[in-house]
Structures are given as structure tokens and as C-alpha cells.
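K.L.:
Here you go, one structure.
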Amino acid sequence: MDPVEPLSPEVTRLFAAKEQRRHKLAGLPFPEKVWAVVRLQRMAEPILRARGRQVRVWDIEGAVREAEGRTAQAE
């Protein structure tokens with residue numbers, strides 16, 4: 001087996017930044033994580049549609065409005 005070359009300082013810095021970002025994202029509240037998934041879905045949607053894929057982005061704004069409507073009716 002060939003010896004592994006040591007990582008350059010730049011690559012080490014990038015891996016450290018990636019780990020910090022993952023910890024930051026893991027600490028987000030659940031609703032923020034859902035919003036992040038929806039943003040990623042919206043970014044990927046035009047690319048996937050151009051490839052002929054059927055895409056459905058979660059409509060969480062509609063779900064929030066619906067839930068707020070139910071809350072207002074209950075009061």
C-alpha cells in the first residue's frame with residue numbers, strides 16, 4: 001500500500017470549515033431544516049425538469065397558511 005501524502009493546509013482548512021458548517025446546520029431548529037430542504041428543492045427543480053424528471057417541491061407556505069387558518073378558527 002502506498003503511503004498517503006499529508007493534506008495541504010488549504011485542504012485541511014476546507015475540511016475544518018465543512019465540519020463547522022455541518023455542526024451549525026445540525027443545531028438548527030427543525031422548522032429551519034425544513035426550510036433549507038425546500039430551498040434546495042427549488043434550486044434543483046429547473047435542472048431536474050430540464051432533464052425530463054417530474055418534480056414536486058414541498059408547498060410549506062400553503063401548509064403554514066392552512067395551519068394558521070385553523071388556529072384562527074379555533075380561537
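Labels for the C-alpha cells follow display order: chains A, B, ..., residues from 1 in each chain, ligands from 1.
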Give me the residues near Val37 in chain A as a PyMOL selection string, where near means some atom within 12 Å (using only C-alpha atoms) and where sequence neighbours in that chain fewer than 3 positions away do not count.
P.N.:
chain A and resi 25+30-34+40-44+57-60
K.L.:
Please measure the separation of CA of Pro29 in chain A and CA of Arg13 in chain A, giving the value in Å to one decimal.
P.N.:
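The value is 26.9 Å.
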K.L.:
To one decimal place in Å, what is the distance between CA of Ala17 in chain A and CA of Leu48 in chain A?
P.N.:
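A separation of 29.1 Å between them.
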K.L.:
In Å, rounded to a single decimal, give me how far CA of Ser8 in chain A is from CA of His23 in chain A.
P.N.:
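Separating CA of His23 in chain A from CA of Ser8 in chain A is a distance of 23.0 Å.
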K.L.:
In terms of the shortest atom-to-atom distance over only C-alpha atoms, which of A:Arg22, A:Val4, A:Val11, A:Val38 is closest to Glu61 in chain A?
P.N.:
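Closest to Glu61 in chain A, using only C-alpha atoms: A:Val38.
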